[in-house]
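Participant: To start, I am sharing the structure in question, which I have written as structure tokens.
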Amino acid sequence: MAPPDTIKTTKLERYNSYIRRVNSTKLIAASSKLLFRVTLLVALLLIFFFTINYPSLSSANNTSHNNIHTTTHTLLSSAFYGGGASWEKQVRHSSTPRRPNGLSVLVTGAAGFVGSHCSLALKKRGDGVLGLDNFNSYYDPSLKRARQDVLSKHQIFIVEGDINDDELLKKLFDIVPFTHILHLAAQAGVRYAMQNPLSYVNSNVAGFVNLLEVAKAADPQPAIVWASSSSVYGLNTKIPFSEEHKTDQPASLYAATKKAGEAIAHTYNHIYGLSLTGLRFFTVYGPWGRPDMAYFFFTKDMIQGKSVNVYVTQDDKEVARDFTYIDDIVKGCVGALDTAEKSTGSGGKKRGPAQLRVYNLGNTSPVSVRKLVVILENLLNVKAKKNVVKMPRNGDVPFTHANVSLALRDFGYKPTTDLSSGLRKFVKWYVSYYGIQSRVKKENDSPNSDD
Ligand SMILES: O=C(O)[C@H]1O[C@H](OP(=O)(O)OP(=O)(O)OC[C@H]2O[C@@H](n3ccc(=O)[nH]c3=O)[C@H](O)[C@@H]2O)[C@H](O)[C@@H](O)[C@@H]1O
């Protein structure tokens, strides 16, 4: 047995060791609490950063694939876009007019061909312009980014988002009382509709309805000018095509969705008093154009020595288009915006009848595809390898030809550029944009050529 002093010491030691254990347990408990909180914080931060990065990744491929399933994207992107004060500042700054009584226009599809040209024209005359574009990959997105760069040099900000994202649209209308929407975002291209039909429904029908829903609820309601298409005339044989002609024989799903857009516009005008103007564009071409269009890829293929398919009808007749130069189309769009009357509703309620219009914007002078190739041969200084083939049943129509007297009467629309002059400007842009140093350049750098 141990002496009493030793017993005391042992007890003391036991007590001290007990206290140490208690303290260390407390320490462990405290540190695990801390660890838990830190982990939670890190997890929240990760979710936040994921939310920031996710929308741009997903929207890059948005309408090129069937994305009816935009809900997750919508939630995430809304969380992101709703965020920053500097983002809101850019939105406000871009959309504020710099002239008295200037318009404040939301341009959807602003990184697109017609959208980028119209945005610049409006900004240059002092209107406020805010762009919206999802930068999808239907055609090379780097071309859209290059257009965005040009716009940003002119203080035009493009919000990266989808017209199906209603939270984002509402947010934009919360920030800016837009007077007008120029709605050009769409799934374009006639033949691609056979490959990816739902992308047309998603953008041209669902996206349009989504935009109209937000516009109808906005206070004040904006006036809307939007891109319909010459393709709505479908198999119409009366020429030139007039707005009074029937448009009930669409030859492609693309045409059917544009025709649906015109019917939907009627409904929103009728129920909610939205002022709506549909513009039927006729095969628009020019600098910064769309690579999926024939004049564009013919140029590329001819320069590369590849052959081109020149379509003829089933009974061997020429296929022709009323090719319309971009600057003429821009004048038409601006004219339509300037003559658009105010919407009459507010807060989703109609207060009186509102304006509902449809116009052809064409060139009034159709040119055959064969002639298009001849013009390009001269401009590019190359001989095309032509395959003359019967037009496949892919949604194409044999010819288009616009009567534009309505647009002339209502806003002075008068196309002034013939196909040769317009293509000369296109080719000049093409060789400079793609850095092609060749005889093409020398040919087109003559003192008479302008930009
Ligand atoms: O006016 C319109 O509404 C439409 O104009 C163009 O559609 P499209 O006229 O078919 O223009 P392209 O695809 O550039 O075709 C032009 C012409 O070249 C012909 N073509 C096309 C491709 C080809 O390989 N060979 C060929 O001869 C077509 O049949 C057509 O007659 C646009 O692509 C549509 O988005 C637009 O809505």
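Identifiers in the structure tokens: chain A, B, ... in order shown; residue index from 1 per chain; ligand index from 1 in order shown.
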At most 7 Å is the cut-off: for each residue in chain A with any atom that close to an atom of ligand 1, write down the nearest atom pair and the distance in Å rounded to one decimal, counting only C-alpha atoms and all ligand atoms, chain first then increasing number, as JSON lines.
Facilitator:
{"residue": "A:Ala188", "atom": "CA", "partner": "ligand 1", "partner_atom_place_in_ligand_line": "35 (O)", "distance": 4.2}
{"residue": "A:Gly189", "atom": "CA", "partner": "ligand 1", "partner_atom_place_in_ligand_line": "35 (O)", "distance": 4.0}
{"residue": "A:Val190", "atom": "CA", "partner": "ligand 1", "partner_atom_place_in_ligand_line": "10 (O)", "distance": 5.7}
{"residue": "A:Ser229", "atom": "CA", "partner": "ligand 1", "partner_atom_place_in_ligand_line": "3 (O)", "distance": 3.8}
{"residue": "A:Ser230", "atom": "CA", "partner": "ligand 1", "partner_atom_place_in_ligand_line": "3 (O)", "distance": 3.9}
{"residue": "A:Ser231", "atom": "CA", "partner": "ligand 1", "partner_atom_place_in_ligand_line": "3 (O)", "distance": 4.4}
{"residue": "A:Arg280", "atom": "CA", "partner": "ligand 1", "partner_atom_place_in_ligand_line": "3 (O)", "distance": 6.7}
{"residue": "A:Phe281", "atom": "CA", "partner": "ligand 1", "partner_atom_place_in_ligand_line": "1 (O)", "distance": 5.3}
{"residue": "A:Phe282", "atom": "CA", "partner": "ligand 1", "partner_atom_place_in_ligand_line": "1 (O)", "distance": 3.5}
{"residue": "A:Thr283", "atom": "CA", "partner": "ligand 1", "partner_atom_place_in_ligand_line": "5 (O)", "distance": 3.5}
{"residue": "A:Val284", "atom": "CA", "partner": "ligand 1", "partner_atom_place_in_ligand_line": "5 (O)", "distance": 6.3}
{"residue": "A:Asp292", "atom": "CA", "partner": "ligand 1", "partner_atom_place_in_ligand_line": "13 (O)", "distance": 6.8}
{"residue": "A:Met293", "atom": "CA", "partner": "ligand 1", "partner_atom_place_in_ligand_line": "14 (O)", "distance": 3.6}
{"residue": "A:Ala294", "atom": "CA", "partner": "ligand 1", "partner_atom_place_in_ligand_line": "14 (O)", "distance": 3.7}
{"residue": "A:Tyr295", "atom": "CA", "partner": "ligand 1", "partner_atom_place_in_ligand_line": "14 (O)", "distance": 5.8}
{"residue": "A:Val308", "atom": "CA", "partner": "ligand 1", "partner_atom_place_in_ligand_line": "24 (O)", "distance": 6.4}
{"residue": "A:Asn309", "atom": "CA", "partner": "ligand 1", "partner_atom_place_in_ligand_line": "24 (O)", "distance": 4.7}
{"residue": "A:Val310", "atom": "CA", "partner": "ligand 1", "partner_atom_place_in_ligand_line": "27 (O)", "distance": 3.9}
{"residue": "A:Tyr311", "atom": "CA", "partner": "ligand 1", "partner_atom_place_in_ligand_line": "27 (O)", "distance": 3.8}
{"residue": "A:Val319", "atom": "CA", "partner": "ligand 1", "partner_atom_place_in_ligand_line": "31 (O)", "distance": 5.3}
{"residue": "A:Ala320", "atom": "CA", "partner": "ligand 1", "partner_atom_place_in_ligand_line": "31 (O)", "distance": 5.3}
{"residue": "A:Arg321", "atom": "CA", "partner": "ligand 1", "partner_atom_place_in_ligand_line": "31 (O)", "distance": 5.5}
{"residue": "A:Val369", "atom": "CA", "partner": "ligand 1", "partner_atom_place_in_ligand_line": "18 (O)", "distance": 5.6}
{"residue": "A:Met391", "atom": "CA", "partner": "ligand 1", "partner_atom_place_in_ligand_line": "29 (O)", "distance": 6.5}
{"residue": "A:Asp396", "atom": "CA", "partner": "ligand 1", "partner_atom_place_in_ligand_line": "29 (O)", "distance": 5.4}
{"residue": "A:Val397", "atom": "CA", "partner": "ligand 1", "partner_atom_place_in_ligand_line": "29 (O)", "distance": 6.8}
{"residue": "A:Pro398", "atom": "CA", "partner": "ligand 1", "partner_atom_place_in_ligand_line": "31 (O)", "distance": 6.5}
{"residue": "A:Phe399", "atom": "CA", "partner": "ligand 1", "partner_atom_place_in_ligand_line": "31 (O)", "distance": 6.6}
Participant: The selected residues should be written to file as a PDB file, in the first residue's frame (atoms: C-alpha atoms).
Facilitator:
ATOM      1  CA  ALA A 188     -32.928  30.673 -88.315  1.00  0.00           C
ATOM      2  CA  GLY A 189     -32.238  28.591 -91.416  1.00  0.00           C
ATOM      3  CA  VAL A 190     -34.758  26.751 -93.504  1.00  0.00           C
ATOM      4  CA  SER A 229     -39.790  35.723 -92.619  1.00  0.00           C
ATOM      5  CA  SER A 230     -40.477  35.673 -96.342  1.00  0.00           C
ATOM      6  CA  SER A 231     -40.722  31.910 -95.914  1.00  0.00           C
ATOM      7  CA  ARG A 280     -40.939  39.532 -93.215  1.00  0.00           C
ATOM      8  CA  PHE A 281     -37.248  39.599 -94.138  1.00  0.00           C
ATOM      9  CA  PHE A 282     -36.284  38.346 -97.610  1.00  0.00           C
ATOM     10  CA  THR A 283     -32.931  36.456 -97.649  1.00  0.00           C
ATOM     11  CA  VAL A 284     -30.819  39.112 -95.916  1.00  0.00           C
ATOM     12  CA  ASP A 292     -25.122  28.946 -92.885  1.00  0.00           C
ATOM     13  CA  MET A 293     -26.478  30.972 -95.820  1.00  0.00           C
ATOM     14  CA  ALA A 294     -25.728  30.051 -99.427  1.00  0.00           C
ATOM     15  CA  TYR A 295     -23.936  33.263-100.504  1.00  0.00           C
ATOM     16  CA  VAL A 308     -21.130  24.215-104.906  1.00  0.00           C
ATOM     17  CA  ASN A 309     -24.630  22.820-105.390  1.00  0.00           C
ATOM     18  CA  VAL A 310     -26.805  25.078-107.480  1.00  0.00           C
ATOM     19  CA  TYR A 311     -30.439  24.126-107.009  1.00  0.00           C
ATOM     20  CA  VAL A 319     -34.443  28.838-108.172  1.00  0.00           C
ATOM     21  CA  ALA A 320     -34.440  32.530-107.255  1.00  0.00           C
ATOM     22  CA  ARG A 321     -34.381  34.745-104.173  1.00  0.00           C
ATOM     23  CA  VAL A 369     -28.891  31.169-107.591  1.00  0.00           C
ATOM     24  CA  MET A 391     -33.656  21.142-105.097  1.00  0.00           C
ATOM     25  CA  ASP A 396     -36.782  25.376 -99.666  1.00  0.00           C
ATOM     26  CA  VAL A 397     -39.244  27.222-101.889  1.00  0.00           C
ATOM     27  CA  PRO A 398     -38.588  27.815-105.618  1.00  0.00           C
ATOM     28  CA  PHE A 399     -38.604  31.621-105.507  1.00  0.00           C
TER      29      PHE A 399
END
Participant: Hey, what does DSSP flag as helix (DSSP H, G or I) within segment 86-235 of chain A? Can you give it to me as a compact mmCIF listing (two decimals) with N, CA and C atoms, in the first residue's frame?
Facilitator:
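Result file follows (out-v9.txt):
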# COMPACT_ATOMS: atom_id res chain seq x y z
N SER A 86 -22.58 46.13 -60.45
CA SER A 86 -21.87 46.62 -61.64
C SER A 86 -22.56 46.10 -62.91
N TRP A 87 -23.12 44.89 -62.82
CA TRP A 87 -23.91 44.34 -63.94
C TRP A 87 -25.12 45.25 -64.21
N GLU A 88 -25.81 45.63 -63.13
CA GLU A 88 -26.99 46.51 -63.28
C GLU A 88 -26.59 47.86 -63.86
N LYS A 89 -25.43 48.31 -63.45
CA LYS A 89 -24.95 49.61 -63.95
C LYS A 89 -24.73 49.54 -65.47
N GLN A 90 -24.12 48.43 -65.91
CA GLN A 90 -23.89 48.24 -67.35
C GLN A 90 -25.22 48.19 -68.12
N VAL A 91 -26.18 47.47 -67.52
CA VAL A 91 -27.50 47.35 -68.15
C VAL A 91 -28.14 48.73 -68.31
N ARG A 92 -28.10 49.50 -67.23
CA ARG A 92 -28.69 50.85 -67.25
C ARG A 92 -27.97 51.76 -68.24
N HIS A 93 -26.65 51.72 -68.17
CA HIS A 93 -25.85 52.63 -69.00
C HIS A 93 -26.10 52.36 -70.48
N SER A 94 -26.10 51.07 -70.84
CA SER A 94 -26.26 50.69 -72.24
C SER A 94 -27.64 51.08 -72.78
N SER A 95 -28.66 50.99 -71.93
CA SER A 95 -30.02 51.19 -72.43
C SER A 95 -30.53 52.63 -72.29
N PHE A 113 -26.59 38.46 -86.88
CA PHE A 113 -26.29 39.26 -88.07
C PHE A 113 -27.12 40.55 -88.10
N VAL A 114 -28.44 40.41 -88.18
CA VAL A 114 -29.29 41.60 -88.27
C VAL A 114 -29.27 42.36 -86.94
N GLY A 115 -29.24 41.62 -85.83
CA GLY A 115 -29.26 42.24 -84.51
C GLY A 115 -28.08 43.16 -84.26
N SER A 116 -26.89 42.72 -84.68
CA SER A 116 -25.70 43.55 -84.41
C SER A 116 -25.75 44.81 -85.27
N HIS A 117 -26.17 44.69 -86.53
CA HIS A 117 -26.25 45.87 -87.40
C HIS A 117 -27.30 46.87 -86.87
N CYS A 118 -28.45 46.37 -86.47
CA CYS A 118 -29.50 47.27 -85.97
C CYS A 118 -29.08 47.94 -84.66
N SER A 119 -28.44 47.18 -83.79
CA SER A 119 -28.00 47.74 -82.50
C SER A 119 -27.08 48.93 -82.74
N LEU A 120 -26.13 48.76 -83.65
CA LEU A 120 -25.18 49.84 -83.94
C LEU A 120 -25.89 51.06 -84.52
N ALA A 121 -26.81 50.81 -85.46
CA ALA A 121 -27.51 51.93 -86.09
C ALA A 121 -28.31 52.72 -85.06
N LEU A 122 -28.96 52.03 -84.14
CA LEU A 122 -29.76 52.71 -83.13
C LEU A 122 -28.86 53.49 -82.17
N LYS A 123 -27.78 52.84 -81.76
CA LYS A 123 -26.85 53.49 -80.81
C LYS A 123 -26.24 54.74 -81.43
N LYS A 124 -25.88 54.62 -82.70
CA LYS A 124 -25.21 55.74 -83.37
C LYS A 124 -26.10 56.98 -83.45
N PRO A 141 -19.70 30.39 -82.96
CA PRO A 141 -19.94 31.44 -81.96
C PRO A 141 -18.83 32.51 -81.94
N SER A 142 -17.66 32.18 -82.50
CA SER A 142 -16.59 33.20 -82.47
C SER A 142 -16.98 34.41 -83.35
N LEU A 143 -17.79 34.17 -84.36
CA LEU A 143 -18.28 35.29 -85.18
C LEU A 143 -19.22 36.17 -84.34
N LYS A 144 -20.02 35.53 -83.51
CA LYS A 144 -20.92 36.28 -82.63
C LYS A 144 -20.12 37.08 -81.60
N ARG A 145 -19.04 36.46 -81.11
CA ARG A 145 -18.17 37.16 -80.14
C ARG A 145 -17.49 38.36 -80.80
N ALA A 146 -17.11 38.18 -82.06
CA ALA A 146 -16.46 39.29 -82.77
C ALA A 146 -17.45 40.45 -82.96
N ARG A 147 -18.71 40.10 -83.27
CA ARG A 147 -19.72 41.16 -83.39
C ARG A 147 -19.92 41.83 -82.03
N GLN A 148 -19.91 41.02 -80.97
CA GLN A 148 -20.06 41.57 -79.62
C GLN A 148 -18.95 42.58 -79.31
N ASP A 149 -17.73 42.25 -79.74
CA ASP A 149 -16.60 43.16 -79.52
C ASP A 149 -16.85 44.52 -80.20
N VAL A 150 -17.37 44.45 -81.42
CA VAL A 150 -17.66 45.70 -82.14
C VAL A 150 -18.70 46.51 -81.35
N LEU A 151 -19.74 45.82 -80.92
CA LEU A 151 -20.81 46.51 -80.18
C LEU A 151 -20.28 47.11 -78.88
N SER A 152 -19.44 46.36 -78.21
CA SER A 152 -18.96 46.86 -76.91
C SER A 152 -18.07 48.10 -77.09
N LYS A 153 -17.41 48.19 -78.24
CA LYS A 153 -16.64 49.41 -78.52
C LYS A 153 -17.56 50.63 -78.68
N ASP A 166 -37.46 33.57 -68.16
CA ASP A 166 -38.39 34.65 -67.81
C ASP A 166 -37.91 35.48 -66.63
N GLU A 167 -37.21 34.83 -65.68
CA GLU A 167 -36.71 35.59 -64.53
C GLU A 167 -35.73 36.66 -64.99
N LEU A 168 -34.88 36.28 -65.90
CA LEU A 168 -33.90 37.24 -66.43
C LEU A 168 -34.62 38.39 -67.15
N LEU A 169 -35.58 38.05 -67.98
CA LEU A 169 -36.31 39.10 -68.71
C LEU A 169 -37.02 40.05 -67.75
N LYS A 170 -37.66 39.47 -66.73
CA LYS A 170 -38.36 40.32 -65.74
C LYS A 170 -37.38 41.24 -65.05
N LYS A 171 -36.23 40.67 -64.73
CA LYS A 171 -35.19 41.46 -64.05
C LYS A 171 -34.79 42.65 -64.94
N LEU A 172 -34.62 42.40 -66.22
CA LEU A 172 -34.22 43.49 -67.13
C LEU A 172 -35.30 44.57 -67.17
N PHE A 173 -36.56 44.14 -67.20
CA PHE A 173 -37.66 45.12 -67.21
C PHE A 173 -37.81 45.82 -65.86
N ASP A 174 -37.38 45.17 -64.78
CA ASP A 174 -37.37 45.85 -63.47
C ASP A 174 -36.36 46.98 -63.46
N ILE A 175 -35.26 46.74 -64.16
CA ILE A 175 -34.18 47.74 -64.15
C ILE A 175 -34.45 48.86 -65.15
N ARG A 191 -33.31 24.85 -93.96
CA ARG A 191 -33.01 23.42 -94.13
C ARG A 191 -32.68 22.71 -92.81
N TYR A 192 -32.08 23.46 -91.85
CA TYR A 192 -31.68 22.87 -90.57
C TYR A 192 -32.90 22.37 -89.76
N ALA A 193 -34.09 22.86 -90.12
CA ALA A 193 -35.29 22.47 -89.38
C ALA A 193 -35.56 20.97 -89.47
N MET A 194 -35.02 20.34 -90.53
CA MET A 194 -35.23 18.89 -90.64
C MET A 194 -34.29 18.14 -89.69
N PRO A 197 -35.73 19.89 -85.33
CA PRO A 197 -37.02 20.59 -85.35
C PRO A 197 -37.36 21.30 -84.04
N LEU A 198 -37.02 20.66 -82.91
CA LEU A 198 -37.47 21.25 -81.65
C LEU A 198 -36.75 22.56 -81.30
N SER A 199 -35.56 22.77 -81.89
CA SER A 199 -34.88 24.03 -81.60
C SER A 199 -35.70 25.20 -82.16
N TYR A 200 -36.47 24.93 -83.23
CA TYR A 200 -37.32 25.98 -83.82
C TYR A 200 -38.53 26.27 -82.92
N VAL A 201 -39.09 25.20 -82.36
CA VAL A 201 -40.22 25.37 -81.46
C VAL A 201 -39.75 26.10 -80.20
N ASN A 202 -38.59 25.71 -79.73
CA ASN A 202 -38.06 26.29 -78.50
C ASN A 202 -37.79 27.78 -78.62
N SER A 203 -37.14 28.20 -79.71
CA SER A 203 -36.81 29.62 -79.85
C SER A 203 -37.95 30.43 -80.45
N ASN A 204 -38.49 29.95 -81.57
CA ASN A 204 -39.42 30.79 -82.34
C ASN A 204 -40.85 30.77 -81.81
N VAL A 205 -41.17 29.75 -81.04
CA VAL A 205 -42.52 29.70 -80.48
C VAL A 205 -42.46 29.92 -78.96
N ALA A 206 -41.81 28.99 -78.24
CA ALA A 206 -41.77 29.11 -76.77
C ALA A 206 -41.05 30.40 -76.33
N GLY A 207 -39.93 30.67 -76.95
CA GLY A 207 -39.15 31.87 -76.58
C GLY A 207 -39.92 33.14 -76.87
N PHE A 208 -40.61 33.17 -77.99
CA PHE A 208 -41.39 34.36 -78.36
C PHE A 208 -42.54 34.57 -77.35
N VAL A 209 -43.22 33.48 -77.02
CA VAL A 209 -44.32 33.59 -76.05
C VAL A 209 -43.79 34.06 -74.70
N ASN A 210 -42.65 33.53 -74.30
CA ASN A 210 -42.06 33.94 -73.03
C ASN A 210 -41.78 35.43 -73.00
N LEU A 211 -41.24 35.92 -74.10
CA LEU A 211 -40.92 37.34 -74.21
C LEU A 211 -42.21 38.18 -74.16
N LEU A 212 -43.24 37.72 -74.86
CA LEU A 212 -44.51 38.46 -74.88
C LEU A 212 -45.18 38.46 -73.51
N GLU A 213 -45.04 37.36 -72.79
CA GLU A 213 -45.60 37.29 -71.44
C GLU A 213 -44.98 38.36 -70.55
N VAL A 214 -43.66 38.50 -70.65
CA VAL A 214 -42.97 39.49 -69.82
C VAL A 214 -43.34 40.90 -70.30
N ALA A 215 -43.41 41.10 -71.62
CA ALA A 215 -43.73 42.41 -72.18
C ALA A 215 -45.15 42.84 -71.79
N LYS A 216 -46.06 41.89 -71.83
CA LYS A 216 -47.46 42.22 -71.50
C LYS A 216 -47.60 42.65 -70.04
N ALA A 217 -46.80 42.06 -69.16
CA ALA A 217 -46.90 42.38 -67.74
C ALA A 217 -46.10 43.64 -67.37
N SER A 230 -39.85 35.83 -95.02
CA SER A 230 -40.48 35.67 -96.34
C SER A 230 -40.95 34.23 -96.53
N SER A 231 -40.38 33.32 -95.74
CA SER A 231 -40.72 31.91 -95.91
C SER A 231 -42.18 31.62 -95.56
N VAL A 232 -42.86 32.57 -94.88
CA VAL A 232 -44.28 32.31 -94.55
C VAL A 232 -45.13 32.22 -95.82
N TYR A 233 -44.64 32.79 -96.95
CA TYR A 233 -45.41 32.71 -98.20
C TYR A 233 -45.38 31.30 -98.76
Participant: Please identify all polymer residues within 7 Å of segment 302-305 of chain A, counting only C-alpha atoms, omitting same-chain residues fewer than 3 positions from it, and present them as a PDB file with C-alpha atoms, in the first residue's frame.
Facilitator:
ATOM      1  CA  PHE A 298     -20.512  29.480-101.610  1.00  0.00           C
ATOM      2  CA  THR A 299     -17.851  32.184-101.110  1.00  0.00           C
ATOM      3  CA  ALA A 384     -16.882  27.868-109.555  1.00  0.00           C
TER       4      ALA A 384
END
Participant: Suppose you want the space between atom CA of Ser275 of chain A and atom CA of Arg99 of chain A; what is it in Å?
Facilitator: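 Straight-line distance from atom CA of Ser275 of chain A to atom CA of Arg99 of chain A works out to 23.3 Å.
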Participant: So which residues of segment 102-223 of chain A fall under strand (DSSP E or B) by DSSP, listed as an MDAnalysis selection string?
Facilitator: chainID A and resid 104:108 128:133 157:160 180:183 223
Participant: Dump N, CA and C atoms for the selected residues as a JSON list (two decimals), in the first residue's frame?
Facilitator:
[["chain", "number", "residue", "atom", "x", "y", "z"],
["A", 104, "SER", "N", -35.48, 53.52, -75.93],
["A", 104, "SER", "CA", -34.70, 52.59, -75.12],
["A", 104, "SER", "C", -35.09, 51.18, -75.57],
["A", 105, "VAL", "N", -34.18, 50.54, -76.30],
["A", 105, "VAL", "CA", -34.57, 49.32, -77.01],
["A", 105, "VAL", "C", -33.84, 48.08, -76.47],
["A", 106, "LEU", "N", -34.61, 47.06, -76.19],
["A", 106, "LEU", "CA", -34.02, 45.76, -75.88],
["A", 106, "LEU", "C", -33.93, 45.00, -77.21],
["A", 107, "VAL", "N", -32.69, 44.71, -77.63],
["A", 107, "VAL", "CA", -32.52, 43.99, -78.90],
["A", 107, "VAL", "C", -32.18, 42.53, -78.59],
["A", 108, "THR", "N", -33.10, 41.63, -78.87],
["A", 108, "THR", "CA", -32.79, 40.21, -78.66],
["A", 108, "THR", "C", -32.06, 39.69, -79.91],
["A", 128, "GLY", "N", -30.90, 54.31, -76.67],
["A", 128, "GLY", "CA", -30.32, 53.35, -75.72],
["A", 128, "GLY", "C", -30.55, 51.95, -76.25],
["A", 129, "VAL", "N", -29.53, 51.12, -76.19],
["A", 129, "VAL", "CA", -29.65, 49.75, -76.71],
["A", 129, "VAL", "C", -29.08, 48.76, -75.69],
["A", 130, "LEU", "N", -29.90, 47.82, -75.30],
["A", 130, "LEU", "CA", -29.37, 46.71, -74.50],
["A", 130, "LEU", "C", -29.55, 45.44, -75.32],
["A", 131, "GLY", "N", -28.47, 44.68, -75.47],
["A", 131, "GLY", "CA", -28.54, 43.43, -76.23],
["A", 131, "GLY", "C", -28.84, 42.25, -75.31],
["A", 132, "LEU", "N", -29.40, 41.22, -75.91],
["A", 132, "LEU", "CA", -29.60, 39.94, -75.21],
["A", 132, "LEU", "C", -29.29, 38.85, -76.23],
["A", 133, "ASP", "N", -28.45, 37.91, -75.85],
["A", 133, "ASP", "CA", -28.10, 36.84, -76.80],
["A", 133, "ASP", "C", -27.61, 35.62, -76.02],
["A", 157, "PHE", "N", -23.94, 46.95, -74.42],
["A", 157, "PHE", "CA", -23.72, 45.79, -73.57],
["A", 157, "PHE", "C", -24.70, 44.68, -73.99],
["A", 158, "ILE", "N", -24.15, 43.46, -74.14],
["A", 158, "ILE", "CA", -25.03, 42.32, -74.45],
["A", 158, "ILE", "C", -25.12, 41.42, -73.22],
["A", 159, "VAL", "N", -26.33, 41.28, -72.71],
["A", 159, "VAL", "CA", -26.56, 40.34, -71.60],
["A", 159, "VAL", "C", -26.55, 38.95, -72.20],
["A", 160, "GLU", "N", -25.80, 38.06, -71.56],
["A", 160, "GLU", "CA", -25.72, 36.69, -72.08],
["A", 160, "GLU", "C", -26.82, 35.86, -71.43],
["A", 180, "HIS", "N", -39.14, 50.01, -76.36],
["A", 180, "HIS", "CA", -39.31, 49.09, -77.50],
["A", 180, "HIS", "C", -38.52, 47.80, -77.28],
["A", 181, "ILE", "N", -39.01, 46.74, -77.92],
["A", 181, "ILE", "CA", -38.20, 45.52, -78.06],
["A", 181, "ILE", "C", -38.03, 45.30, -79.57],
["A", 182, "LEU", "N", -36.79, 45.09, -79.98],
["A", 182, "LEU", "CA", -36.54, 44.64, -81.35],
["A", 182, "LEU", "C", -36.17, 43.17, -81.21],
["A", 183, "HIS", "N", -37.11, 42.31, -81.52],
["A", 183, "HIS", "CA", -36.94, 40.88, -81.23],
["A", 183, "HIS", "C", -36.43, 40.14, -82.47],
["A", 223, "ALA", "N", -43.40, 48.66, -77.09],
["A", 223, "ALA", "CA", -43.88, 48.30, -78.43],
["A", 223, "ALA", "C", -42.88, 47.27, -78.97]]
Participant: Measuring atom to atom with only C-alpha atoms, identify which of A:Gly345, A:Gly126, A:Gly289, A:Pro240 is nearest to His401 of chain A.
Facilitator: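 Smallest separation from His401 of chain A among the options: A:Pro240.
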